[in-house]
Structures are given as C-alpha cells and as structure tokens.
>>> print(open('protein.txt').read())   # compact mmCIF, C-alpha atoms and all ligand atoms
# COMPACT_ATOMS: atom_id res chain seq x y z
CA MET A 1 0.00 0.00 0.00
CA ALA A 2 1.16 3.52 -0.76
CA THR A 3 2.74 5.40 2.11
CA LYS A 4 1.17 8.80 2.62
CA ARG A 5 3.25 10.75 5.02
CA ILE A 6 3.45 14.27 6.41
CA LEU A 7 6.52 15.78 8.00
CA THR A 8 6.20 19.31 9.20
CA GLY A 9 7.22 21.37 12.19
CA MET A 10 7.39 24.53 14.22
CA ARG A 11 10.08 26.24 16.24
CA PRO A 12 9.34 26.44 19.95
CA THR A 13 10.05 30.13 20.52
CA GLY A 14 6.78 31.13 22.19
CA ALA A 15 3.11 30.28 22.39
CA LEU A 16 1.36 29.93 19.03
CA HIS A 17 -0.90 32.54 17.46
CA LEU A 18 -3.57 32.97 14.81
CA GLY A 19 -0.92 33.22 12.09
CA HIS A 20 0.26 29.70 12.95
CA TYR A 21 -3.33 28.50 12.77
CA VAL A 22 -4.14 30.02 9.39
CA GLY A 23 -0.75 29.30 7.84
CA ALA A 24 -0.21 25.78 9.10
CA LEU A 25 -2.33 24.18 11.84
CA LYS A 26 -5.57 24.39 9.87
CA GLN A 27 -4.01 22.29 7.11
CA TRP A 28 -2.42 19.88 9.59
CA LEU A 29 -5.80 19.23 11.18
CA ALA A 30 -7.45 18.51 7.87
CA LEU A 31 -4.76 15.96 7.03
CA GLN A 32 -4.33 14.13 10.32
CA ASP A 33 -7.09 11.62 9.58
CA GLU A 34 -5.61 10.58 6.29
CA TYR A 35 -1.84 10.67 6.64
CA GLU A 36 0.88 9.21 8.78
CA CYS A 37 1.87 12.45 10.53
CA PHE A 38 5.16 13.54 12.06
CA PHE A 39 4.78 16.92 13.73
CA LEU A 40 8.22 18.17 14.69
CA ILE A 41 9.00 20.50 17.56
CA ALA A 42 12.07 22.07 16.00
CA ASP A 43 13.98 22.93 19.17
CA VAL A 44 17.37 22.66 17.48
CA GLN A 45 16.24 25.09 14.79
CA ALA A 46 14.98 27.39 17.57
CA LEU A 47 18.62 27.73 18.65
CA THR A 48 19.30 29.65 15.44
CA THR A 49 17.70 32.67 17.11
CA HIS A 50 17.50 31.67 20.79
CA VAL A 51 20.86 30.15 21.66
CA ASP A 52 21.15 32.65 24.52
CA ARG A 53 17.62 31.96 25.80
CA PRO A 54 17.40 28.23 26.52
CA ARG A 55 14.65 28.72 29.08
CA VAL A 56 12.38 30.29 26.49
CA ILE A 57 12.84 27.22 24.31
CA GLU A 58 12.18 24.90 27.24
CA GLU A 59 8.94 26.66 28.19
CA SER A 60 7.91 26.91 24.57
CA VAL A 61 8.18 23.17 23.95
CA ARG A 62 5.41 22.80 26.51
CA GLU A 63 3.42 25.74 25.12
CA VAL A 64 3.57 24.37 21.58
CA VAL A 65 2.40 20.92 22.65
CA LEU A 66 -0.48 22.50 24.58
CA ASP A 67 -1.43 24.66 21.61
CA TRP A 68 -1.31 21.68 19.26
CA LEU A 69 -3.59 19.74 21.58
CA GLY A 70 -5.76 22.83 21.95
CA VAL A 71 -6.46 23.10 18.24
CA GLY A 72 -7.24 19.39 18.10
CA LEU A 73 -4.14 17.57 16.91
CA ASP A 74 -4.43 14.13 18.44
CA PRO A 75 -1.29 12.17 19.36
CA THR A 76 -3.42 9.36 20.83
CA LYS A 77 -4.18 8.34 17.24
CA PRO A 78 -1.69 5.67 16.16
CA ASN A 79 -0.84 7.64 12.98
CA VAL A 80 -0.06 10.94 14.71
CA CYS A 81 3.40 11.52 16.23
CA PHE A 82 4.69 14.55 18.11
CA VAL A 83 8.48 14.51 17.69
CA LEU A 84 11.20 16.39 19.54
CA GLN A 85 13.91 17.32 17.07
CA SER A 86 16.83 17.26 19.54
CA SER A 87 16.02 13.66 20.47
CA LEU A 88 16.72 12.47 16.93
CA PRO A 89 20.52 12.35 16.48
CA GLU A 90 19.90 10.96 12.98
CA LEU A 91 18.88 14.47 11.94
CA THR A 92 22.23 15.89 12.97
CA GLU A 93 24.07 13.21 11.03
CA LEU A 94 21.98 13.70 7.90
CA THR A 95 22.40 17.47 8.11
CA ALA A 96 26.18 17.01 8.08
CA TYR A 97 26.00 14.92 4.90
CA PHE A 98 23.58 17.30 3.20
CA THR A 99 25.81 20.33 3.82
CA MET A 100 28.20 18.77 1.28
CA LEU A 101 25.54 18.88 -1.43
CA VAL A 102 24.85 22.62 -1.29
CA PRO A 103 27.16 25.34 -2.67
CA PHE A 104 28.32 27.57 0.17
CA THR A 105 27.22 30.86 -1.39
CA LYS A 106 23.73 29.63 -2.07
CA MET A 107 22.31 30.06 1.40
CA GLU A 108 22.23 33.85 1.30
CA HIS A 109 20.09 33.79 -1.85
CA ASN A 110 17.21 32.06 -0.08
CA PRO A 111 14.45 34.74 0.19
CA THR A 112 13.26 33.58 3.63
CA ILE A 113 16.82 33.68 4.97
CA ARG A 114 17.21 37.18 3.51
CA ALA A 115 14.00 38.41 5.16
CA GLU A 116 14.97 36.85 8.50
CA LEU A 117 18.46 38.34 8.31
CA LYS A 118 16.85 41.78 8.23
CA ASP A 119 14.90 41.08 11.44
CA LEU A 120 17.86 39.52 13.17
CA LYS A 121 19.24 42.09 15.57
CA LYS A 122 22.46 40.23 16.16
CA SER A 123 24.72 39.01 13.41
CA ALA A 124 23.80 35.66 11.92
CA THR A 125 25.61 32.53 13.08
CA ALA A 126 26.85 29.79 10.77
CA GLY A 127 24.09 27.58 12.18
CA PHE A 128 21.46 30.12 11.23
CA MET A 129 22.75 30.41 7.67
CA ILE A 130 22.49 26.67 7.08
CA TYR A 131 19.24 25.90 8.86
CA PRO A 132 17.42 25.29 5.55
CA ILE A 133 19.82 22.35 5.07
CA SER A 134 18.90 20.92 8.45
CA GLN A 135 15.26 21.43 7.54
CA ALA A 136 15.87 19.37 4.40
CA ALA A 137 17.21 16.63 6.67
CA ASP A 138 14.09 16.88 8.88
CA ILE A 139 11.93 16.30 5.84
CA LEU A 140 13.91 13.76 3.82
CA LEU A 141 14.69 11.49 6.76
CA PHE A 142 10.98 10.69 6.54
CA SER A 143 10.92 10.10 2.80
CA PRO A 144 9.12 6.77 2.28
CA TYR A 145 11.64 4.11 1.28
CA PRO A 146 11.92 2.59 -1.27
CA PRO A 147 10.29 5.54 -3.04
CA GLU A 148 7.30 4.39 -5.09
CA LYS A 149 5.39 6.59 -7.50
CA SER A 150 2.19 6.44 -5.47
CA ASP A 151 3.89 7.42 -2.20
CA LYS A 152 3.53 10.93 -0.84
CA LEU A 153 5.67 13.16 1.33
CA LEU A 154 3.58 16.19 2.05
CA VAL A 155 4.81 19.26 3.94
CA PRO A 156 1.94 21.53 5.00
CA VAL A 157 3.49 24.90 5.85
CA GLY A 158 3.05 28.66 5.65
CA GLU A 159 4.18 30.27 2.40
CA ASP A 160 7.43 31.62 3.87
CA GLN A 161 8.64 28.00 4.11
CA VAL A 162 8.32 27.29 0.40
CA PRO A 163 11.91 28.36 -0.47
CA HIS A 164 13.13 25.82 2.10
CA LEU A 165 11.11 23.09 0.44
CA GLU A 166 12.56 24.01 -2.94
CA GLU A 167 16.01 23.72 -1.40
CA THR A 168 14.99 20.36 0.06
CA ASN A 169 14.00 19.06 -3.35
CA GLN A 170 17.22 20.27 -4.92
CA ILE A 171 19.13 18.35 -2.29
CA ALA A 172 16.96 15.27 -2.94
CA ARG A 173 17.66 15.49 -6.68
CA ARG A 174 21.38 16.00 -6.18
CA PHE A 175 21.59 13.08 -3.78
CA ASN A 176 19.57 10.81 -6.08
CA ALA A 177 21.73 11.75 -9.06
CA LEU A 178 24.94 10.98 -7.18
CA TYR A 179 23.96 7.88 -5.23
CA GLY A 180 20.89 6.39 -6.86
CA LYS A 181 17.20 7.04 -6.28
CA THR A 182 16.79 7.24 -2.51
CA PHE A 183 14.50 10.19 -1.76
CA LEU A 184 11.08 11.18 -2.92
CA GLU A 185 10.65 14.89 -3.57
CA CYS A 186 8.40 16.55 -1.02
CA LYS A 187 5.27 18.46 -1.90
CA PRO A 188 4.50 21.79 -0.23
CA GLU A 189 0.91 22.26 0.86
CA VAL A 190 0.18 25.94 1.48
CA GLY A 191 -3.23 26.99 2.77
CA GLU A 192 -5.54 29.38 1.01
CA ILE A 193 -4.25 32.20 3.20
CA GLY A 194 -0.56 31.44 3.50
CA ARG A 195 0.27 34.38 5.70
CA LEU A 196 -1.72 36.47 8.14
CA PRO A 197 -0.59 40.05 8.87
CA GLY A 198 -0.16 41.11 12.48
CA VAL A 199 -2.66 43.38 14.22
CA ASP A 200 -0.45 46.30 13.15
CA GLY A 201 -1.31 45.33 9.57
CA LYS A 202 2.31 45.80 8.52
CA SER A 203 4.35 42.65 8.75
CA LYS A 204 3.40 39.03 9.24
CA MET A 205 2.03 38.05 12.63
CA SER A 206 4.88 37.30 14.98
CA LYS A 207 5.20 37.19 18.71
CA SER A 208 8.61 38.88 18.64
CA LEU A 209 7.15 41.83 16.70
CA GLY A 210 4.44 42.22 19.36
CA ASN A 211 1.59 42.11 16.83
CA ALA A 212 0.14 38.67 17.57
CA ILE A 213 -3.15 37.30 18.89
CA GLN A 214 -2.20 34.12 20.69
CA LEU A 215 -4.35 31.02 20.68
CA LYS A 216 -4.38 31.11 24.48
CA ASP A 217 -5.34 34.80 24.80
CA GLY A 218 -8.53 35.40 26.80
CA PRO A 219 -11.64 37.16 25.43
CA ASP A 220 -10.72 40.59 26.85
CA THR A 221 -7.22 40.52 25.40
CA VAL A 222 -8.58 39.48 22.01
CA SER A 223 -11.20 42.26 22.01
CA LYS A 224 -8.62 44.84 23.03
CA LEU A 225 -6.13 43.76 20.36
CA VAL A 226 -8.81 43.79 17.67
CA SER A 227 -10.10 47.23 18.70
CA LYS A 228 -6.60 48.62 18.18
CA MET A 229 -6.18 47.01 14.76
CA PHE A 230 -5.22 49.08 11.77
CA THR A 231 -7.85 49.53 9.08
CA ASP A 232 -8.01 51.31 5.76
CA PRO A 233 -6.44 54.75 6.51
CA LYS A 234 -8.71 56.38 3.90
CA LYS A 235 -11.87 55.39 5.77
CA LEU A 236 -12.22 57.81 8.65
CA HIS A 237 -16.00 57.83 9.01
CA ARG A 238 -18.59 55.10 8.73
CA ASP A 239 -19.94 56.45 5.45
CA ASP A 240 -16.54 56.92 3.78
CA PRO A 241 -16.00 54.32 1.03
CA GLY A 242 -13.53 51.70 2.33
CA HIS A 243 -10.99 49.51 0.51
CA PRO A 244 -11.43 46.07 2.07
CA GLN A 245 -8.74 44.47 -0.09
CA ARG A 246 -6.18 46.63 1.70
CA CYS A 247 -7.64 46.23 5.20
CA PRO A 248 -6.19 43.67 7.62
CA VAL A 249 -9.50 43.47 9.51
CA TYR A 250 -11.17 42.34 6.30
CA LEU A 251 -8.50 39.72 5.76
CA TYR A 252 -9.11 38.35 9.26
CA HIS A 253 -12.83 38.20 8.47
CA ARG A 254 -12.00 36.24 5.35
CA ALA A 255 -9.88 33.82 7.36
CA PHE A 256 -12.24 33.25 10.29
CA SER A 257 -15.85 34.06 9.30
CA THR A 258 -18.34 31.52 8.09
CA SER A 259 -19.31 32.21 4.49
CA GLN A 260 -22.70 33.43 5.70
CA MET A 261 -21.15 36.05 7.97
CA PHE A 262 -18.63 37.02 5.33
CA ARG A 263 -21.09 37.58 2.52
CA GLY A 264 -21.76 41.25 1.66
CA ARG A 265 -19.13 42.61 4.05
CA ALA A 266 -16.92 44.08 1.32
CA THR A 267 -19.84 45.79 -0.41
CA LYS A 268 -21.13 47.24 2.85
CA CYS A 269 -17.66 48.61 3.65
CA LYS A 270 -17.15 50.07 0.16
CA THR A 271 -20.53 51.74 0.08
CA GLY A 272 -20.18 53.29 3.51
CA ARG A 273 -22.79 51.11 5.21
CA LEU A 274 -20.36 49.46 7.62
CA GLY A 275 -18.07 51.37 9.96
CA CYS A 276 -14.71 50.12 11.19
CA VAL A 277 -15.73 50.11 14.85
CA GLU A 278 -18.69 47.85 14.18
CA CYS A 279 -16.67 45.67 11.81
CA LYS A 280 -14.00 45.19 14.48
CA LYS A 281 -16.57 44.37 17.18
CA GLU A 282 -17.95 41.67 14.93
CA LEU A 283 -14.46 40.36 14.28
CA ALA A 284 -13.68 40.19 18.00
CA ASP A 285 -16.84 38.10 18.52
CA ILE A 286 -15.98 35.80 15.64
CA LEU A 287 -12.44 35.29 16.93
CA ASN A 288 -13.62 34.68 20.48
CA ASN A 289 -16.14 32.10 19.28
CA PHE A 290 -13.43 30.44 17.26
CA LEU A 291 -10.95 30.45 20.15
CA GLU A 292 -13.34 29.33 22.89
CA PRO A 293 -13.19 25.56 22.22
CA ILE A 294 -9.44 25.84 21.70
CA ARG A 295 -9.03 27.46 25.12
CA THR A 296 -11.15 24.76 26.74
CA ARG A 297 -9.23 21.91 25.13
CA ARG A 298 -5.96 23.61 25.98
CA ALA A 299 -6.93 23.90 29.64
CA GLU A 300 -7.84 20.19 29.70
CA ALA A 301 -4.54 19.35 28.03
CA GLU A 302 -2.69 20.80 31.04
CA LYS A 303 -3.54 17.51 32.76
CA ALA A 304 -2.53 15.31 29.82
CA PRO A 305 0.69 13.24 29.80
CA LEU A 306 2.63 15.56 27.48
CA ASP A 307 5.91 13.76 28.10
CA THR A 308 4.38 10.42 27.08
CA TYR A 309 3.03 11.90 23.86
CA LEU A 310 6.44 13.29 23.01
CA ARG A 311 8.31 10.14 23.98
CA GLN A 312 6.06 7.79 22.04
CA GLY A 313 6.01 9.97 18.94
CA THR A 314 9.76 10.47 19.05
CA GLU A 315 10.41 6.74 19.48
CA LYS A 316 8.37 5.93 16.40
CA ALA A 317 10.15 8.63 14.43
CA ARG A 318 13.51 7.28 15.55
CA GLU A 319 12.76 3.82 14.33
CA ILE A 320 12.00 5.20 10.87
CA GLY A 321 15.01 7.51 11.06
CA GLN A 322 17.45 4.77 12.08
CA ASN A 323 16.34 2.53 9.22
CA MET A 324 16.57 5.40 6.76
CA MET A 325 20.09 6.31 7.93
CA LYS A 326 21.23 2.74 7.15
CA VAL A 327 19.89 3.17 3.62
CA ILE A 328 21.55 6.58 3.28
CA ARG A 329 24.95 5.47 4.59
CA HIS A 330 24.85 2.51 2.28
CA ALA A 331 23.94 4.68 -0.72
CA MET A 332 26.82 7.04 0.13
CA HIS A 333 29.25 4.13 0.53
CA LEU A 334 29.76 5.07 4.15
CA ASP A 335 29.12 1.59 5.48
CA TYR A 336 32.42 0.27 4.05
CA PRO A 337 31.50 -3.40 3.68
CA SER A 338 35.00 -4.32 2.48
CA VAL A 339 36.74 -2.79 5.48
CA LYS A 340 34.24 -4.13 7.95
CA SER A 341 34.26 -7.69 6.61
CA SER A 342 38.05 -7.86 6.58
CA LEU A 343 38.07 -6.56 10.14
CA THR A 344 35.70 -9.34 11.12
CA LYS A 345 37.73 -11.97 9.26
CA GLY A 346 40.88 -10.81 10.97
CA GLY A 347 39.11 -11.50 14.27
N1 LIG B 401 11.11 26.42 9.72
C1 LIG B 401 9.91 26.00 10.38
C2 LIG B 401 9.42 27.21 11.18
O1 LIG B 401 9.48 28.12 11.24
C3 LIG B 401 10.07 24.88 11.34
C4 LIG B 401 10.53 23.58 10.74
C5 LIG B 401 11.64 22.87 11.12
C6 LIG B 401 9.90 22.83 9.71
N2 LIG B 401 11.75 21.74 10.41
C7 LIG B 401 10.71 21.67 9.53
C8 LIG B 401 8.78 23.03 8.92
C9 LIG B 401 10.39 20.73 8.55
C10 LIG B 401 8.47 22.08 7.94
C11 LIG B 401 9.28 20.95 7.77
O2 LIG B 401 8.98 27.54 11.96
>>> encode(input="protein.txt", output="structure tokens")
Amino acid sequence: MATKRILTGMRPTGALHLGHYVGALKQWLALQDEYECFFLIADVQALTTHVDRPRVIEESVREVVLDWLGVGLDPTKPNVCFVLQSSLPELTELTAYFTMLVPFTKMEHNPTIRAELKDLKKSATAGFMIYPISQAADILLFSPYPPEKSDKLLVPVGEDQVPHLEETNQIARRFNALYGKTFLECKPEVGEIGRLPGVDGKSKMSKSLGNAIQLKDGPDTVSKLVSKMFTDPKKLHRDDPGHPQRCPVYLYHRAFSTSQMFRGRATKCKTGRLGCVECKKELADILNNFLEPIRTRRAEAEKAPLDTYLRQGTEKAREIGQNMMKVIRHAMHLDYPSVKSSLTKGG
C-alpha cells in the first residue's frame, strides 16, 4: 500500500498565534485523519535565534504541545506523532551529509533567509545560515523508502517556508543523481491564506514583533487587540467608502468568518454602510467564538501526559530515522563493507 506521510514542524520560541493557525495548523488538522503524521518540535532550529535563551525554548516546547492539543491535533491516534527534534541524532548526522551537497554561497540567496536576516538584531551565526539544510534533513529522513510513484511526502506549511522546500527538493535530486534514487521529492501544501498580517497590519504576525493574537489569549485581550487594529487609513467615518482588499480586519474576516457572515461585508464597507468600529466588534466576537473551544481543550490538556506523547512519537520517528540512515549510509558508501568484513575476518 502507498505510504502517505506528512513531515512538518514549528520552532518552539513562544506560544502559538492565529498566524500559525491560518498558515499551518488548519491544514495539519485537515490531514491528520488521512496521513501518517510527524509533527516536529524544531527545538534545534529554535537555537538559530534563541541560543542565549534556553529557558524560552524549554517553556515553549510545553506551550507548543499545549497549543497543538488545543487546536485538536491528536497524538493518541496511532498515525499521529509529536516529535522532539533534539532527540533524533539521525537528523544531525543527515544534516552534516547534506551540507556537502549545497554550494556555500547559495544560502544567502534564499528569500526567507534574507528576510529573517533583516529582522535579526544580532549578526547571523553559521548555524542560522544553514538551517534550511537541516530542515531538508528533517523532511527527507521521513521520505518513504523505497520511493514508489504512489507514495507521498507532504509538507503543509506557511508560504514563507516554500523556499526551504525548494532547497529540500534540490538536495533530494542531487543526492539521487549521485547515489541512486533514494528520496522522494516533497510536496508543499500551502493553505488558502498562506500568511496572516499582524494586528499592526504591517508585517506578518509574529510574537517577537508584538503584533500577535495568541491562541491562548482570553476574550478581553482578544477584544482589546482587535479594537486597536489598523484599518483602511482612507476610511475615517462610517460612510466613507472603504478599501477592504487593503484592510487587515477584512483579511481576518476572510480567514475566520463563516461564508454566511462574510457575505456582503466588502460591499457594505465600500458603500459606507459598515463602519470600522462595528466591523472590528464583529471580528472580536468571531475570533472569540473560534478560540473558545481551543481554550477549553488547551486547559484540559494541562492535565494530559505531554511527556508520554512526546516520547512515544519520538520513538516511532527514531525507528524510521534509524532505518533510513542505514539506507543513506549505504547509498553514500559510508558503510564500508569491504573494510568491515576484513576486520571481522581478521578476528
Ligand atoms: N522552519 C519551520 C518554522 O518556522 C520549522 C521547521 C523545522 C519545519 N523543520 C521543519 C517546517 C520541517 C516544515 C518541515 O517555523
């Protein structure tokens, strides 16, 4: 039977927010019934920006697991694994091999790396510059083997991750060309809204930019954040014609309203029959209704055996990873059968 697998992940650098939901978690949820799922807590990748803040990473591992459970990911299903990246030494080994397949100067051309370099207040470390290579290892370690045409390796992510997946597939092709067909190319799966702006309407939602609505925020916080949101600067009064396509509040409505609630909103805004204050109040209600069951499940999850979920998921991932590393070492001629057998013969 065809193997249908997902490998995807998030960095534990804080609690998750609506941007994570729209860009990634929504897709993950839709796929968890159908696919063998490996959801990676990328704590090693988190070191690329947080090497001086280990406690933030530690707390965030817990926060991320709680948020995942809150939205409804279910590690009690046999096909759903939560995996802790640092507990998979195979990833470190594969990253080392993959670094040899990528020209050194190429990393700084990656558009996501370029954008992140701008935000980075300190200078970038070597580890930061090559994290897309380690992300390729995260993904390809889970490539179904032997790769059959009907197999799938899906990576549901936000659109900023797509350059990393292109890099991953270039590495897969290079490896296959050098050592024989070993890896399947992965397929990005980007949601309808790949990227949600922050409440400031400027950049993408991000906790470090202080423009995020977190999944665990309470109703008052959500209402307050929404009331301060930026809207179309040309619409000062209710009856001014608005430009919904340029308004972040409208984009949030598009992401979170039911189609019934969404219908007619743009026309009402454009024709001056809907004011921003009212539109934001409605949005706050919609978001609070959406977040309510997540908050409840998250609170229940506080009592759940998080460590067991992580251990079991990681063990299953390791089994796959260890087998795959044997295949990879063999393909790369790193298992040295001639040397090893003569060593054995010699006693
Ligand atoms: N770069 C991803 C993020 O920001 C996290 C990540 C690590 C990942 N390894 C991955 C995503 C593998 C998809 C596949 O947050």
>>> closest_residue(input="protein.txt", among="A:Ser206, A:Gln260, A:Ser143, A:Asn288", to="Met325 in chain A", atoms="all atoms listed in the file")
A:Ser143
>>> residues_near_ligand(input="protein.txt", ligand="ligand LIG 401 (chain B)", cutoff="10 Å", atoms="only C-alpha atoms and all ligand atoms", output="NGL selection string")
:A and (6-13 or 20 or 24 or 38-46 or 85 or 112 or 131-140 or 154-158 or 160-162 or 164-165 or 168 or 186 or 188)
>>> write_last_selection(input="protein.txt", atoms="C-alpha atoms", output="PDB file, in the frame of the given file")
ATOM      1  CA  ILE A   6       3.450  14.270   6.410  1.00  0.00           C
ATOM      2  CA  LEU A   7       6.520  15.780   8.000  1.00  0.00           C
ATOM      3  CA  THR A   8       6.200  19.310   9.200  1.00  0.00           C
ATOM      4  CA  GLY A   9       7.220  21.370  12.190  1.00  0.00           C
ATOM      5  CA  MET A  10       7.390  24.530  14.220  1.00  0.00           C
ATOM      6  CA  ARG A  11      10.080  26.240  16.240  1.00  0.00           C
ATOM      7  CA  PRO A  12       9.340  26.440  19.950  1.00  0.00           C
ATOM      8  CA  THR A  13      10.050  30.130  20.520  1.00  0.00           C
ATOM      9  CA  HIS A  20       0.260  29.700  12.950  1.00  0.00           C
ATOM     10  CA  ALA A  24      -0.210  25.780   9.100  1.00  0.00           C
ATOM     11  CA  PHE A  38       5.160  13.540  12.060  1.00  0.00           C
ATOM     12  CA  PHE A  39       4.780  16.920  13.730  1.00  0.00           C
ATOM     13  CA  LEU A  40       8.220  18.170  14.690  1.00  0.00           C
ATOM     14  CA  ILE A  41       9.000  20.500  17.560  1.00  0.00           C
ATOM     15  CA  ALA A  42      12.070  22.070  16.000  1.00  0.00           C
ATOM     16  CA  ASP A  43      13.980  22.930  19.170  1.00  0.00           C
ATOM     17  CA  VAL A  44      17.370  22.660  17.480  1.00  0.00           C
ATOM     18  CA  GLN A  45      16.240  25.090  14.790  1.00  0.00           C
ATOM     19  CA  ALA A  46      14.980  27.390  17.570  1.00  0.00           C
ATOM     20  CA  GLN A  85      13.910  17.320  17.070  1.00  0.00           C
ATOM     21  CA  THR A 112      13.260  33.580   3.630  1.00  0.00           C
ATOM     22  CA  TYR A 131      19.240  25.900   8.860  1.00  0.00           C
ATOM     23  CA  PRO A 132      17.420  25.290   5.550  1.00  0.00           C
ATOM     24  CA  ILE A 133      19.820  22.350   5.070  1.00  0.00           C
ATOM     25  CA  SER A 134      18.900  20.920   8.450  1.00  0.00           C
ATOM     26  CA  GLN A 135      15.260  21.430   7.540  1.00  0.00           C
ATOM     27  CA  ALA A 136      15.870  19.370   4.400  1.00  0.00           C
ATOM     28  CA  ALA A 137      17.210  16.630   6.670  1.00  0.00           C
ATOM     29  CA  ASP A 138      14.090  16.880   8.880  1.00  0.00           C
ATOM     30  CA  ILE A 139      11.930  16.300   5.840  1.00  0.00           C
ATOM     31  CA  LEU A 140      13.910  13.760   3.820  1.00  0.00           C
ATOM     32  CA  LEU A 154       3.580  16.190   2.050  1.00  0.00           C
ATOM     33  CA  VAL A 155       4.810  19.260   3.940  1.00  0.00           C
ATOM     34  CA  PRO A 156       1.940  21.530   5.000  1.00  0.00           C
ATOM     35  CA  VAL A 157       3.490  24.900   5.850  1.00  0.00           C
ATOM     36  CA  GLY A 158       3.050  28.660   5.650  1.00  0.00           C
ATOM     37  CA  ASP A 160       7.430  31.620   3.870  1.00  0.00           C
ATOM     38  CA  GLN A 161       8.640  28.000   4.110  1.00  0.00           C
ATOM     39  CA  VAL A 162       8.320  27.290   0.400  1.00  0.00           C
ATOM     40  CA  HIS A 164      13.130  25.820   2.100  1.00  0.00           C
ATOM     41  CA  LEU A 165      11.110  23.090   0.440  1.00  0.00           C
ATOM     42  CA  THR A 168      14.990  20.360   0.060  1.00  0.00           C
ATOM     43  CA  CYS A 186       8.400  16.550  -1.020  1.00  0.00           C
ATOM     44  CA  PRO A 188       4.500  21.790  -0.230  1.00  0.00           C
TER      45      PRO A 188
END
>>> residues_around(input="protein.txt", residues="Lys235 in chain A", least_positions_apart="2", cutoff="12 Å", atoms="all atoms listed in the file", output="JSON, numbers by chain")
{"A": [230, 231, 232, 233, 237, 238, 239, 240, 241, 242, 243, 244, 246, 247, 269, 270, 271, 272, 273, 274, 275, 276, 277]}
>>> residues_near_point(input="protein.txt", point="(19.6, 17.9, -0.8)", cutoff="9 Å", atoms="all atoms listed in the file", output="ChimeraX atom specification")
/A:98-102,133,136-137,140,167-176
>>> atom_distance(input="protein.txt", atom1="CA of Met324 in chain A", atom2="CA of Pro144 in chain A")
8.8 Å
>>> closest_residue(input="protein.txt", among="A:Ala212, A:Val65, A:Ala299, A:Ala284", to="Leu18 in chain A", atoms="only C-alpha atoms")
A:Ala212
>>> residues_near_point(input="protein.txt", point="(-16.8, 28.3, 10.9)", cutoff="12 Å", atoms="all atoms listed in the file", output="count of residues only")
17
>>> axis_aligned_box(input="protein.txt", around="range 85-97 of chain A", padding_each_side="8 Å", output="JSON")
{"center_x": 20.0, "center_y": 14.2, "center_z": 12.7, "size_x": 28.3, "size_y": 22.5, "size_z": 31.6}
>>> residues_around(input="protein.txt", residues="Trp68 in chain A", least_positions_apart="4", cutoff="9 Å", atoms="all atoms listed in the file", output="PyMOL selection string")
chain A and resi 16+25+63-64+72-74+298
